[in-house]
Amino acid sequence: MKKKSFEKIYDFLKYDLGLDDSCILLGLKLSSKNNTLLPISLWSYGIIDCEELDKFYKFLYETS
């Protein structure tokens with residue numbers, strides 16, 4: 001993933017969804033460990049809810 005792309009995702013998760021750095025880091029570790037997409041890892045472990053998952057996918061779609 002490009003550094004600029006990650007910065008945009010990080011900013012979205014931190015400032016739009018209000019996630020702590022530790023939650024974002026946990027999501028990254030889980031997605032890497034389980035070989036799943038970051039949004040799915042965050043949702044499946046209860047870090048974000050369905051509404052936030054939808055916002056995350058909309059953000060990804062709009063910024064791609």
# chains A, B, ... in the order shown; residues from 1 in each chain; ligands from 1
call {"tool": "select_by_dssp", "arguments": {"residues": "chain A", "states": "helix (DSSP H, G or I)", "output": "ChimeraX atom specification"}}
result
/A:3-16,21-34,38-44,50-63
call {"tool": "residues_around", "arguments": {"residues": "Lys4 (chain A)", "least_positions_apart": "6", "cutoff": "12 Å", "atoms": "only C-alpha atoms", "output": "VMD selection string"}}
result
chain A and resid 10 to 11 63
call {"tool": "write_last_selection", "arguments": {"atoms": "N, CA and C atoms", "output": "mmCIF file, in the first residue's frame"}}
result
data_model
loop_
_atom_site.group_PDB
_atom_site.id
_atom_site.type_symbol
_atom_site.label_atom_id
_atom_site.label_comp_id
_atom_site.auth_asym_id
_atom_site.auth_seq_id
_atom_site.Cartn_x
_atom_site.Cartn_y
_atom_site.Cartn_z
ATOM 1 N N TYR A 10 -5.714 6.122 7.369
ATOM 2 C CA TYR A 10 -5.456 6.361 8.791
ATOM 3 C C TYR A 10 -6.229 7.586 9.270
ATOM 4 N N ASP A 11 -6.144 8.681 8.509
ATOM 5 C CA ASP A 11 -6.861 9.910 8.890
ATOM 6 C C ASP A 11 -8.363 9.664 8.952
ATOM 7 N N THR A 63 -12.360 7.271 -2.798
ATOM 8 C CA THR A 63 -10.963 7.692 -2.899
ATOM 9 C C THR A 63 -10.145 6.823 -3.841
#
call {"tool": "residues_around", "arguments": {"residues": "Leu28 (chain A)", "least_positions_apart": "4", "cutoff": "9 Å", "atoms": "only C-alpha atoms", "output": "list in words"}}
result
Cys23, Ile24, Ser32, Lys33, Leu37, Leu38, Ser41 and Leu42 of chain A
call {"tool": "write_last_selection", "arguments": {"atoms": "N, CA, C and O atoms", "output": "compact mmCIF listing (two decimals), in the first residue's frame"}}
result
# COMPACT_ATOMS: atom_id res chain seq x y z
N CYS A 23 -6.51 0.81 18.28
CA CYS A 23 -7.53 0.06 17.53
C CYS A 23 -7.13 -0.10 16.07
O CYS A 23 -7.33 -1.16 15.48
N ILE A 24 -6.58 0.96 15.50
CA ILE A 24 -6.14 0.90 14.11
C ILE A 24 -5.00 -0.11 13.98
O ILE A 24 -4.99 -0.94 13.06
N SER A 32 -3.58 -8.64 8.74
CA SER A 32 -2.38 -9.31 8.23
C SER A 32 -2.33 -10.77 8.68
O SER A 32 -2.06 -11.66 7.87
N LYS A 33 -2.61 -11.00 9.95
CA LYS A 33 -2.57 -12.36 10.50
C LYS A 33 -3.60 -13.27 9.83
O LYS A 33 -3.30 -14.42 9.50
N LEU A 37 -9.25 -8.34 4.54
CA LEU A 37 -9.24 -6.89 4.34
C LEU A 37 -9.39 -6.16 5.67
O LEU A 37 -10.06 -6.65 6.59
N LEU A 38 -8.78 -5.00 5.77
CA LEU A 38 -8.83 -4.21 7.00
C LEU A 38 -10.27 -3.92 7.45
O LEU A 38 -10.58 -4.12 8.63
N SER A 41 -11.72 -7.03 9.07
CA SER A 41 -11.09 -7.32 10.36
C SER A 41 -11.61 -6.41 11.45
O SER A 41 -11.92 -6.86 12.55
N LEU A 42 -11.71 -5.12 11.14
CA LEU A 42 -12.22 -4.17 12.14
C LEU A 42 -13.66 -4.51 12.52
O LEU A 42 -14.02 -4.44 13.70
call {"tool": "atom_distance", "arguments": {"atom1": "CA of Gly18 (chain A)", "atom2": "CA of Asn35 (chain A)"}}
result
24.4 Å
call {"tool": "residues_around", "arguments": {"residues": "Ile9 (chain A)", "least_positions_apart": "5", "cutoff": "12 Å", "atoms": "only C-alpha atoms", "output": "list in words"}}
result
Met1, Lys2, Lys3, Lys4, Lys14, Tyr15, Asp16, Leu17, Leu19, Ile24, Leu28, Leu38, Pro39, Lys55, Phe56, Tyr57, Lys58, Phe59, Leu60, Tyr61, Glu62, Thr63 and Ser64 of chain A
call {"tool": "closest_residue", "arguments": {"among": "A:Ser5, A:Asp21, A:Phe12, A:Leu26", "to": "Tyr45 (chain A)", "atoms": "only C-alpha atoms"}}
result
A:Leu26
call {"tool": "atom_distance", "arguments": {"atom1": "CA of Trp43 (chain A)", "atom2": "CA of Lys29 (chain A)"}}
result
13.7 Å
